[in-house]
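Colleague: Contents of run_0.tsv (TSV, N, CA and C atoms):
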chain	number	residue	atom	x	y	z
C	208	MET	N	18.96	-44.14	-27.07
C	208	MET	CA	18.77	-45.07	-28.15
C	208	MET	C	19.51	-46.39	-27.91
C	209	GLU	N	20.59	-46.31	-27.13
C	209	GLU	CA	21.35	-47.53	-26.88
C	209	GLU	C	20.54	-48.56	-26.10
C	210	LYS	N	19.62	-48.10	-25.27
C	210	LYS	CA	18.81	-49.01	-24.47
C	210	LYS	C	17.48	-49.36	-25.13
C	211	ALA	N	17.19	-48.73	-26.26
C	211	ALA	CA	15.91	-48.96	-26.93
C	211	ALA	C	15.88	-50.32	-27.61
C	212	GLN	N	14.68	-50.86	-27.71
C	212	GLN	CA	14.48	-52.12	-28.42
C	212	GLN	C	14.54	-51.85	-29.93
C	213	THR	N	14.97	-52.82	-30.69
C	213	THR	CA	15.09	-52.67	-32.14
C	213	THR	C	13.76	-52.32	-32.79
C	214	GLN	N	12.66	-52.86	-32.29
C	214	GLN	CA	11.36	-52.58	-32.89
C	214	GLN	C	10.92	-51.14	-32.64
C	215	ASP	N	11.53	-50.45	-31.67
C	215	ASP	CA	11.19	-49.05	-31.38
C	215	ASP	C	11.97	-48.07	-32.26
C	216	PHE	N	12.95	-48.56	-32.99
C	216	PHE	CA	13.82	-47.67	-33.76
C	216	PHE	C	13.12	-46.86	-34.84
C	217	PRO	N	12.14	-47.39	-35.53
C	217	PRO	CA	11.46	-46.55	-36.53
C	217	PRO	C	10.89	-45.25	-35.94
C	218	THR	N	10.41	-45.31	-34.71
C	218	THR	CA	9.91	-44.10	-34.04
C	218	THR	C	11.04	-43.12	-33.79
C	219	TYR	N	12.17	-43.61	-33.33
C	219	TYR	CA	13.34	-42.74	-33.09
C	219	TYR	C	13.83	-42.12	-34.39
C	220	ILE	N	13.87	-42.92	-35.43
C	220	ILE	CA	14.36	-42.43	-36.73
C	220	ILE	C	13.44	-41.36	-37.28
C	221	THR	N	12.14	-41.56	-37.14
C	221	THR	CA	11.18	-40.54	-37.59
C	221	THR	C	11.38	-39.25	-36.80
C	222	ALA	N	11.59	-39.37	-35.50
C	222	ALA	CA	11.83	-38.18	-34.67
C	222	ALA	C	13.13	-37.47	-35.09
C	223	LEU	N	14.17	-38.24	-35.38
C	223	LEU	CA	15.44	-37.65	-35.82
C	223	LEU	C	15.28	-36.95	-37.17
C	224	GLN	N	14.51	-37.55	-38.06
C	224	GLN	CA	14.27	-36.91	-39.36
C	224	GLN	C	13.55	-35.58	-39.17
C	225	GLY	N	12.56	-35.54	-38.30
C	225	GLY	CA	11.85	-34.29	-38.01
C	225	GLY	C	12.76	-33.25	-37.41
C	226	LEU	N	13.62	-33.67	-36.50
C	226	LEU	CA	14.56	-32.75	-35.87
C	226	LEU	C	15.54	-32.19	-36.90
C	227	LEU	N	16.07	-33.04	-37.76
C	227	LEU	CA	16.99	-32.58	-38.79
C	227	LEU	C	16.31	-31.64	-39.78
C	228	ARG	N	15.07	-31.92	-40.10
C	228	ARG	CA	14.31	-31.05	-41.00
C	228	ARG	C	14.10	-29.68	-40.34
C	229	ALA	N	13.80	-29.68	-39.05
C	229	ALA	CA	13.61	-28.41	-38.34
C	229	ALA	C	14.90	-27.60	-38.29
C	230	VAL	N	16.02	-28.27	-38.03
C	230	VAL	CA	17.31	-27.58	-37.99
C	230	VAL	C	17.65	-27.02	-39.36
C	231	ALA	N	17.46	-27.82	-40.40
C	231	ALA	CA	17.77	-27.36	-41.76
C	231	ALA	C	16.87	-26.19	-42.15
C	232	ASN	N	15.60	-26.26	-41.81
C	232	ASN	CA	14.69	-25.16	-42.14
C	232	ASN	C	14.91	-23.93	-41.27
C	233	GLY	N	15.56	-24.10	-40.15
C	233	GLY	CA	15.91	-22.95	-39.31
C	233	GLY	C	16.80	-21.98	-40.05
C	234	GLY	N	17.58	-22.49	-40.98
C	234	GLY	CA	18.44	-21.64	-41.80
C	234	GLY	C	17.65	-20.66	-42.64
C	235	HIS	N	16.41	-21.02	-42.98
C	235	HIS	CA	15.56	-20.11	-43.75
C	235	HIS	C	15.20	-18.86	-42.95
C	236	PHE	N	15.30	-18.94	-41.66
C	236	PHE	CA	15.06	-17.78	-40.80
C	236	PHE	C	16.38	-17.09	-40.43
C	237	ILE	N	17.38	-17.88	-40.10
C	237	ILE	CA	18.65	-17.34	-39.60
C	237	ILE	C	19.42	-16.58	-40.68
C	238	VAL	N	19.50	-17.14	-41.88
C	238	VAL	CA	20.28	-16.49	-42.94
C	238	VAL	C	19.71	-15.13	-43.33
C	239	PRO	N	18.41	-15.02	-43.63
C	239	PRO	CA	17.88	-13.68	-43.96
C	239	PRO	C	18.01	-12.69	-42.79
C	240	THR	N	17.82	-13.18	-41.57
C	240	THR	CA	17.99	-12.32	-40.41
C	240	THR	C	19.42	-11.81	-40.33
C	241	GLY	N	20.39	-12.69	-40.56
C	241	GLY	CA	21.79	-12.29	-40.54
C	241	GLY	C	22.10	-11.27	-41.62
C	242	ILE	N	21.54	-11.46	-42.80
C	242	ILE	CA	21.76	-10.51	-43.90
C	242	ILE	C	21.21	-9.13	-43.53
C	243	ILE	N	20.03	-9.10	-42.96
C	243	ILE	CA	19.43	-7.83	-42.54
C	243	ILE	C	20.27	-7.17	-41.45
C	244	LEU	N	20.71	-7.95	-40.48
C	244	LEU	CA	21.51	-7.39	-39.38
C	244	LEU	C	22.85	-6.85	-39.88
C	245	ILE	N	23.48	-7.56	-40.80
C	245	ILE	CA	24.75	-7.09	-41.35
C	245	ILE	C	24.53	-5.81	-42.15
C	246	TYR	N	23.46	-5.78	-42.92
C	246	TYR	CA	23.16	-4.60	-43.73
C	246	TYR	C	23.01	-3.35	-42.85
C	247	PHE	N	22.29	-3.48	-41.76
C	247	PHE	CA	22.05	-2.33	-40.89
C	247	PHE	C	23.19	-2.06	-39.90
C	248	SER	N	24.12	-3.00	-39.76
C	248	SER	CA	25.19	-2.83	-38.77
C	248	SER	C	26.34	-1.97	-39.28
C	249	GLY	N	26.49	-1.87	-40.57
C	249	GLY	CA	27.60	-1.09	-41.10
C	249	GLY	C	28.84	-1.92	-41.40
C	250	TRP	N	28.80	-3.24	-41.15
C	250	TRP	CA	29.93	-4.09	-41.50
C	250	TRP	C	30.02	-4.21	-43.01
C	251	SER	N	31.24	-4.25	-43.52
C	251	SER	CA	31.45	-4.46	-44.94
C	251	SER	C	31.20	-5.93	-45.28
C	252	TRP	N	30.59	-6.17	-46.44
C	252	TRP	CA	30.32	-7.54	-46.87
C	252	TRP	C	31.61	-8.31	-47.14
C	253	THR	N	32.73	-7.59	-47.24
C	253	THR	CA	34.02	-8.25	-47.49
C	253	THR	C	34.89	-8.28	-46.24
C	254	SER	N	34.29	-8.10	-45.08
C	254	SER	CA	35.05	-8.23	-43.83
C	254	SER	C	35.57	-9.67	-43.73
C	255	PRO	N	36.79	-9.84	-43.24
C	255	PRO	CA	37.36	-11.19	-43.19
C	255	PRO	C	36.48	-12.21	-42.46
C	256	TRP	N	35.90	-11.82	-41.33
C	256	TRP	CA	35.09	-12.79	-40.58
C	256	TRP	C	33.82	-13.15	-41.35
C	257	LEU	N	33.32	-12.24	-42.17
C	257	LEU	CA	32.15	-12.57	-42.98
C	257	LEU	C	32.50	-13.48	-44.14
C	258	ILE	N	33.64	-13.25	-44.76
C	258	ILE	CA	34.08	-14.12	-45.85
C	258	ILE	C	34.28	-15.54	-45.35
C	259	VAL	N	34.90	-15.68	-44.18
C	259	VAL	CA	35.08	-17.02	-43.59
C	259	VAL	C	33.71	-17.62	-43.27
C	260	THR	N	32.78	-16.81	-42.81
C	260	THR	CA	31.43	-17.29	-42.52
C	260	THR	C	30.76	-17.82	-43.78
C	261	TYR	N	30.90	-17.11	-44.90
C	261	TYR	CA	30.32	-17.58	-46.17
C	261	TYR	C	30.88	-18.96	-46.53
C	262	ILE	N	32.19	-19.11	-46.38
C	262	ILE	CA	32.85	-20.37	-46.72
C	262	ILE	C	32.35	-21.49	-45.81
C	263	VAL	N	32.30	-21.20	-44.51
C	263	VAL	CA	31.86	-22.22	-43.55
C	263	VAL	C	30.38	-22.57	-43.80
C	264	MET	N	29.57	-21.60	-44.19
C	264	MET	CA	28.17	-21.89	-44.51
C	264	MET	C	28.07	-22.85	-45.69
C	265	GLY	N	28.91	-22.66	-46.68
C	265	GLY	CA	28.93	-23.59	-47.81
C	265	GLY	C	29.28	-25.00	-47.37
C	266	PHE	N	30.31	-25.12	-46.53
C	266	PHE	CA	30.69	-26.42	-46.00
C	266	PHE	C	29.58	-27.01	-45.14
C	267	SER	N	28.90	-26.15	-44.42
C	267	SER	CA	27.82	-26.59	-43.55
C	267	SER	C	26.70	-27.24	-44.35
C	268	LEU	N	26.32	-26.65	-45.47
C	268	LEU	CA	25.29	-27.24	-46.31
C	268	LEU	C	25.73	-28.61	-46.84
C	269	TYR	N	26.98	-28.67	-47.27
C	269	TYR	CA	27.54	-29.92	-47.76
C	269	TYR	C	27.58	-30.96	-46.64
C	270	PHE	N	27.97	-30.52	-45.44
C	270	PHE	CA	28.09	-31.42	-44.31
C	270	PHE	C	26.74	-32.01	-43.92
C	271	MET	N	25.71	-31.17	-43.89
C	271	MET	CA	24.38	-31.66	-43.50
C	271	MET	C	23.95	-32.79	-44.43
C	272	ALA	N	24.18	-32.61	-45.72
C	272	ALA	CA	23.80	-33.65	-46.68
C	272	ALA	C	24.69	-34.88	-46.54
C	273	LEU	N	25.96	-34.65	-46.31
C	273	LEU	CA	26.92	-35.75	-46.27
C	273	LEU	C	26.87	-36.55	-44.97
C	274	ALA	N	26.60	-35.92	-43.87
C	274	ALA	CA	26.71	-36.59	-42.58
C	274	ALA	C	25.44	-37.33	-42.17
C	275	PHE	N	24.31	-36.68	-42.26
C	275	PHE	CA	23.10	-37.27	-41.71
C	275	PHE	C	22.32	-38.14	-42.71
C	276	LYS	N	22.35	-37.79	-43.97
C	276	LYS	CA	21.58	-38.54	-44.96
C	276	LYS	C	22.03	-40.00	-45.05
C	277	PRO	N	23.34	-40.28	-45.13
C	277	PRO	CA	23.75	-41.69	-45.18
C	277	PRO	C	23.33	-42.48	-43.93
C	278	ALA	N	23.38	-41.83	-42.78
C	278	ALA	CA	22.97	-42.52	-41.55
C	278	ALA	C	21.48	-42.85	-41.60
C	279	LEU	N	20.67	-41.91	-42.07
C	279	LEU	CA	19.24	-42.17	-42.15
C	279	LEU	C	18.92	-43.19	-43.23
C	280	ASN	N	19.66	-43.17	-44.33
C	280	ASN	CA	19.47	-44.20	-45.37
C	280	ASN	C	19.90	-45.57	-44.85
C	281	PHE	N	20.97	-45.59	-44.07
C	281	PHE	CA	21.44	-46.84	-43.48
C	281	PHE	C	20.38	-47.41	-42.54
C	282	ALA	N	19.68	-46.54	-41.83
C	282	ALA	CA	18.65	-46.99	-40.90
C	282	ALA	C	17.50	-47.70	-41.62
C	283	LYS	N	17.29	-47.36	-42.89
C	283	LYS	CA	16.21	-47.97	-43.66
C	283	LYS	C	16.68	-49.18	-44.48
C	284	SER	N	17.98	-49.46	-44.45
C	284	SER	CA	18.52	-50.53	-45.27
C	284	SER	C	18.40	-51.89	-44.58
C	285	ALA	N	18.62	-52.93	-45.36
C	285	ALA	CA	18.58	-54.30	-44.82
C	285	ALA	C	19.80	-54.59	-43.95
C	286	GLN	N	20.88	-53.83	-44.12
C	286	GLN	CA	22.11	-54.05	-43.35
C	286	GLN	C	22.10	-53.30	-42.02
C	287	PHE	N	20.95	-52.77	-41.61
C	287	PHE	CA	20.86	-51.94	-40.40
C	287	PHE	C	21.37	-52.69	-39.17
C	288	GLU	N	22.25	-52.02	-38.44
C	288	GLU	CA	22.73	-52.49	-37.14
C	288	GLU	C	22.62	-51.31	-36.19
C	289	LYS	N	21.97	-51.55	-35.08
C	289	LYS	CA	21.69	-50.48	-34.12
C	289	LYS	C	22.96	-49.77	-33.67
C	290	GLU	N	23.98	-50.52	-33.30
C	290	GLU	CA	25.21	-49.91	-32.78
C	290	GLU	C	25.91	-49.05	-33.83
C	291	GLN	N	25.95	-49.53	-35.05
C	291	GLN	CA	26.60	-48.76	-36.12
C	291	GLN	C	25.82	-47.48	-36.42
C	292	PHE	N	24.49	-47.58	-36.43
C	292	PHE	CA	23.65	-46.39	-36.65
C	292	PHE	C	23.87	-45.36	-35.55
C	293	ILE	N	23.89	-45.81	-34.31
C	293	ILE	CA	24.10	-44.89	-33.19
C	293	ILE	C	25.46	-44.22	-33.31
C	294	HIS	N	26.48	-44.99	-33.68
C	294	HIS	CA	27.81	-44.42	-33.86
C	294	HIS	C	27.82	-43.37	-34.97
C	295	MET	N	27.15	-43.67	-36.09
C	295	MET	CA	27.10	-42.71	-37.20
C	295	MET	C	26.41	-41.42	-36.78
C	296	MET	N	25.31	-41.53	-36.05
C	296	MET	CA	24.57	-40.35	-35.62
C	296	MET	C	25.34	-39.55	-34.58
C	297	LYS	N	25.99	-40.23	-33.64
C	297	LYS	CA	26.79	-39.52	-32.63
C	297	LYS	C	27.93	-38.76	-33.28
C	298	SER	N	28.61	-39.42	-34.20
C	298	SER	CA	29.73	-38.77	-34.88
C	298	SER	C	29.26	-37.55	-35.66
C	299	ALA	N	28.20	-37.69	-36.42
C	299	ALA	CA	27.67	-36.57	-37.21
C	299	ALA	C	27.19	-35.44	-36.30
C	300	THR	N	26.56	-35.79	-35.20
C	300	THR	CA	26.04	-34.78	-34.28
C	300	THR	C	27.18	-33.98	-33.65
C	301	TRP	N	28.24	-34.65	-33.20
C	301	TRP	CA	29.36	-33.92	-32.60
C	301	TRP	C	30.06	-33.02	-33.62
C	302	LYS	N	30.18	-33.49	-34.84
C	302	LYS	CA	30.78	-32.65	-35.88
C	302	LYS	C	29.91	-31.42	-36.14
C	303	TYR	N	28.60	-31.62	-36.16
C	303	TYR	CA	27.69	-30.51	-36.38
C	303	TYR	C	27.73	-29.52	-35.21
C	304	ILE	N	27.81	-30.03	-33.98
C	304	ILE	CA	27.92	-29.15	-32.81
C	304	ILE	C	29.20	-28.32	-32.91
C	305	PHE	N	30.31	-28.94	-33.31
C	305	PHE	CA	31.56	-28.21	-33.48
C	305	PHE	C	31.40	-27.13	-34.54
C	306	LEU	N	30.77	-27.47	-35.65
C	306	LEU	CA	30.56	-26.51	-36.74
C	306	LEU	C	29.72	-25.32	-36.27
C	307	MET	N	28.66	-25.60	-35.53
C	307	MET	CA	27.81	-24.51	-35.02
C	307	MET	C	28.55	-23.67	-33.98
C	308	GLY	N	29.40	-24.31	-33.19
C	308	GLY	CA	30.22	-23.56	-32.24
C	308	GLY	C	31.19	-22.63	-32.95
C	309	PHE	N	31.74	-23.10	-34.06
C	309	PHE	CA	32.64	-22.26	-34.85
C	309	PHE	C	31.88	-21.07	-35.43
C	310	PHE	N	30.65	-21.33	-35.93
C	310	PHE	CA	29.80	-20.24	-36.41
C	310	PHE	C	29.57	-19.21	-35.30
C	311	LEU	N	29.23	-19.70	-34.13
C	311	LEU	CA	28.97	-18.80	-33.00
C	311	LEU	C	30.21	-17.97	-32.67
C	312	TRP	N	31.37	-18.61	-32.67
C	312	TRP	CA	32.61	-17.89	-32.39
C	312	TRP	C	32.84	-16.80	-33.45
C	313	LEU	N	32.61	-17.11	-34.71
C	313	LEU	CA	32.77	-16.11	-35.77
C	313	LEU	C	31.84	-14.92	-35.54
C	314	MET	N	30.60	-15.19	-35.17
C	314	MET	CA	29.63	-14.12	-34.99
C	314	MET	C	29.93	-13.26	-33.77
C	315	VAL	N	30.47	-13.87	-32.72
C	315	VAL	CA	30.74	-13.13	-31.49
C	315	VAL	C	32.10	-12.44	-31.52
C	316	ALA	N	33.13	-13.18	-31.89
C	316	ALA	CA	34.49	-12.64	-31.84
C	316	ALA	C	34.82	-11.74	-33.04
C	317	LYS	N	34.19	-12.01	-34.17
C	317	LYS	CA	34.46	-11.26	-35.41
C	317	LYS	C	35.97	-11.08	-35.64
C	318	PRO	N	36.68	-12.21	-35.72
C	318	PRO	CA	38.15	-12.15	-35.83
C	318	PRO	C	38.61	-11.51	-37.14
C	319	ASP	N	39.74	-10.86	-37.07
C	319	ASP	CA	40.34	-10.23	-38.26
C	319	ASP	C	41.41	-11.18	-38.79
C	320	PHE	N	41.03	-12.01	-39.75
C	320	PHE	CA	41.93	-13.04	-40.25
C	320	PHE	C	43.07	-12.49	-41.10
C	321	TRP	N	42.83	-11.36	-41.78
C	321	TRP	CA	43.88	-10.76	-42.60
C	321	TRP	C	43.76	-9.26	-42.58
Mind turning the file's structure into structure tokens?

Modeller:
Amino acid sequence: MEKAQTQDFPTYITALQGLLRAVANGGHFIVPTGIILIYFSGWSWTSPWLIVTYIVMGFSLYFMALAFKPALNFAKSAQFEKEQFIHMMKSATWKYIFLMGFFLWLMVAKPDFW
């Protein structure tokens, strides 16, 4: 995106919106699948790693709305600046990658917090 022409940005923004929509809707598949797997696995719903997962999932929903929506709204505003938009998206993306990595660690390591 850094090398893209300003007139090409609407295409990039539309693609990013589609990607974000796909990621958000992926939760409609992942969450029920996780519930089914936990139910059949024998883990207690009050296991420490699951409780932390519930909390992080709540933050994740809040984060998705807080991080990407302002950047996409900024892209449609009159104050749009390519460099600032790219910075906002990079920052939000790295935070989201960290959050997903933490989710993955919880699911794999199943740490006993207490």

Colleague: Box in all listed atoms of stretch 233-251 of chain C, axis-aligned, with 4 Å more on each side; write out centre and edge lengths in Å to one decimal as lines of an AutoDock Vina configuration file.

Modeller:
center_x = 23.3
center_y = -12.6
center_z = -42.0
size_x = 24.4
size_y = 31.0
size_z = 14.5

Colleague: Write out as a VMD selection string the set of residues from chain C that DSSP, computed on the backbone, places in helix (DSSP H, G or I).

Modeller: chain C and resid 213 to 248 255 to 283 289 to 316

Colleague: Restricting the calculation to only C-alpha atoms, which member of C:Ser267, C:Ser298, C:Thr221, C:Gln212 is positioned closest to C:Gly234?

Modeller: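 Smallest separation from C:Gly234 among the options: C:Ser267.
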
Colleague: Give the answer as one residue: which of C:Phe281, C:Trp256, C:Tyr219, C:Trp301 has the shortest atom-to-atom distance to C:Met314, using all atoms listed in the file?

Modeller: C:Trp256

Colleague: Near C:Ala274, counting only C-alpha atoms, which residues have an atom at most 10 Å away, once you skip same-chain residues fewer than 2 positions from it, shown as a PDB file with N, CA and C atoms, keeping the file's coordinate frame?

Modeller:
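File produced: part_18.pdb:
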ATOM      1  N   TYR C 269      26.980 -28.670 -47.270  1.00  0.00           N
ATOM      2  CA  TYR C 269      27.540 -29.920 -47.760  1.00  0.00           C
ATOM      3  C   TYR C 269      27.580 -30.960 -46.640  1.00  0.00           C
ATOM      4  N   PHE C 270      27.970 -30.520 -45.440  1.00  0.00           N
ATOM      5  CA  PHE C 270      28.090 -31.420 -44.310  1.00  0.00           C
ATOM      6  C   PHE C 270      26.740 -32.010 -43.920  1.00  0.00           C
ATOM      7  N   MET C 271      25.710 -31.170 -43.890  1.00  0.00           N
ATOM      8  CA  MET C 271      24.380 -31.660 -43.500  1.00  0.00           C
ATOM      9  C   MET C 271      23.950 -32.790 -44.430  1.00  0.00           C
ATOM     10  N   ALA C 272      24.180 -32.610 -45.720  1.00  0.00           N
ATOM     11  CA  ALA C 272      23.800 -33.650 -46.680  1.00  0.00           C
ATOM     12  C   ALA C 272      24.690 -34.880 -46.540  1.00  0.00           C
ATOM     13  N   LYS C 276      22.350 -37.790 -43.970  1.00  0.00           N
ATOM     14  CA  LYS C 276      21.580 -38.540 -44.960  1.00  0.00           C
ATOM     15  C   LYS C 276      22.030 -40.000 -45.050  1.00  0.00           C
ATOM     16  N   PRO C 277      23.340 -40.280 -45.130  1.00  0.00           N
ATOM     17  CA  PRO C 277      23.750 -41.690 -45.180  1.00  0.00           C
ATOM     18  C   PRO C 277      23.330 -42.480 -43.930  1.00  0.00           C
ATOM     19  N   ALA C 278      23.380 -41.830 -42.780  1.00  0.00           N
ATOM     20  CA  ALA C 278      22.970 -42.520 -41.550  1.00  0.00           C
ATOM     21  C   ALA C 278      21.480 -42.850 -41.600  1.00  0.00           C
ATOM     22  N   LEU C 279      20.670 -41.910 -42.070  1.00  0.00           N
ATOM     23  CA  LEU C 279      19.240 -42.170 -42.150  1.00  0.00           C
ATOM     24  C   LEU C 279      18.920 -43.190 -43.230  1.00  0.00           C
ATOM     25  N   MET C 295      27.150 -43.670 -36.090  1.00  0.00           N
ATOM     26  CA  MET C 295      27.100 -42.710 -37.200  1.00  0.00           C
ATOM     27  C   MET C 295      26.410 -41.420 -36.780  1.00  0.00           C
ATOM     28  N   MET C 296      25.310 -41.530 -36.050  1.00  0.00           N
ATOM     29  CA  MET C 296      24.570 -40.350 -35.620  1.00  0.00           C
ATOM     30  C   MET C 296      25.340 -39.550 -34.580  1.00  0.00           C
ATOM     31  N   SER C 298      28.610 -39.420 -34.200  1.00  0.00           N
ATOM     32  CA  SER C 298      29.730 -38.770 -34.880  1.00  0.00           C
ATOM     33  C   SER C 298      29.260 -37.550 -35.660  1.00  0.00           C
ATOM     34  N   ALA C 299      28.200 -37.690 -36.420  1.00  0.00           N
ATOM     35  CA  ALA C 299      27.670 -36.570 -37.210  1.00  0.00           C
ATOM     36  C   ALA C 299      27.190 -35.440 -36.300  1.00  0.00           C
ATOM     37  N   THR C 300      26.560 -35.790 -35.200  1.00  0.00           N
ATOM     38  CA  THR C 300      26.040 -34.780 -34.280  1.00  0.00           C
ATOM     39  C   THR C 300      27.180 -33.980 -33.650  1.00  0.00           C
ATOM     40  N   LYS C 302      30.180 -33.490 -34.840  1.00  0.00           N
ATOM     41  CA  LYS C 302      30.780 -32.650 -35.880  1.00  0.00           C
ATOM     42  C   LYS C 302      29.910 -31.420 -36.140  1.00  0.00           C
ATOM     43  N   TYR C 303      28.600 -31.620 -36.160  1.00  0.00           N
ATOM     44  CA  TYR C 303      27.690 -30.510 -36.380  1.00  0.00           C
ATOM     45  C   TYR C 303      27.730 -29.520 -35.210  1.00  0.00           C
TER      46      TYR C 303
END

Colleague: In Å, rounded to a single decimal, give me how far atom N of C:Pro239 is from atom N of C:Leu227.

Modeller: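 If I compute the distance from atom N of C:Leu227 to atom N of C:Pro239, I get 19.1 Å.
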
Colleague: To one decimal in Å, tell me the separation between atom CA of C:Phe216 and atom C of C:Lys283.

Modeller: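 About the pair atom CA of C:Phe216 and atom C of C:Lys283: they are 11.2 Å apart.
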
Colleague: Within 8 Å of C:Pro318, counting all atoms listed in the file, which residues qualify if same-chain residues fewer than 6 places away don't, as a ChimeraX atom specification?

Modeller: /C:254-257,312

Colleague: Go ahead and write the selection's residues with N, CA and C atoms as a PDB file, in the coordinates of the input.

Modeller:
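Contents of again_12.pdb, as written:
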ATOM      1  N   SER C 254      34.290  -8.100 -45.080  1.00  0.00           N
ATOM      2  CA  SER C 254      35.050  -8.230 -43.830  1.00  0.00           C
ATOM      3  C   SER C 254      35.570  -9.670 -43.730  1.00  0.00           C
ATOM      4  N   PRO C 255      36.790  -9.840 -43.240  1.00  0.00           N
ATOM      5  CA  PRO C 255      37.360 -11.190 -43.190  1.00  0.00           C
ATOM      6  C   PRO C 255      36.480 -12.210 -42.460  1.00  0.00           C
ATOM      7  N   TRP C 256      35.900 -11.820 -41.330  1.00  0.00           N
ATOM      8  CA  TRP C 256      35.090 -12.790 -40.580  1.00  0.00           C
ATOM      9  C   TRP C 256      33.820 -13.150 -41.350  1.00  0.00           C
ATOM     10  N   LEU C 257      33.320 -12.240 -42.170  1.00  0.00           N
ATOM     11  CA  LEU C 257      32.150 -12.570 -42.980  1.00  0.00           C
ATOM     12  C   LEU C 257      32.500 -13.480 -44.140  1.00  0.00           C
ATOM     13  N   TRP C 312      31.370 -18.610 -32.670  1.00  0.00           N
ATOM     14  CA  TRP C 312      32.610 -17.890 -32.390  1.00  0.00           C
ATOM     15  C   TRP C 312      32.840 -16.800 -33.450  1.00  0.00           C
TER      16      TRP C 312
END

Colleague: Do a neighbour search on C:Met264 at 10 Å with only C-alpha atoms, toss out local chain neighbours closer than 3 positions, and write the hits as a ChimeraX atom specification.

Modeller: /C:238,258-261,267-270,306-307,310
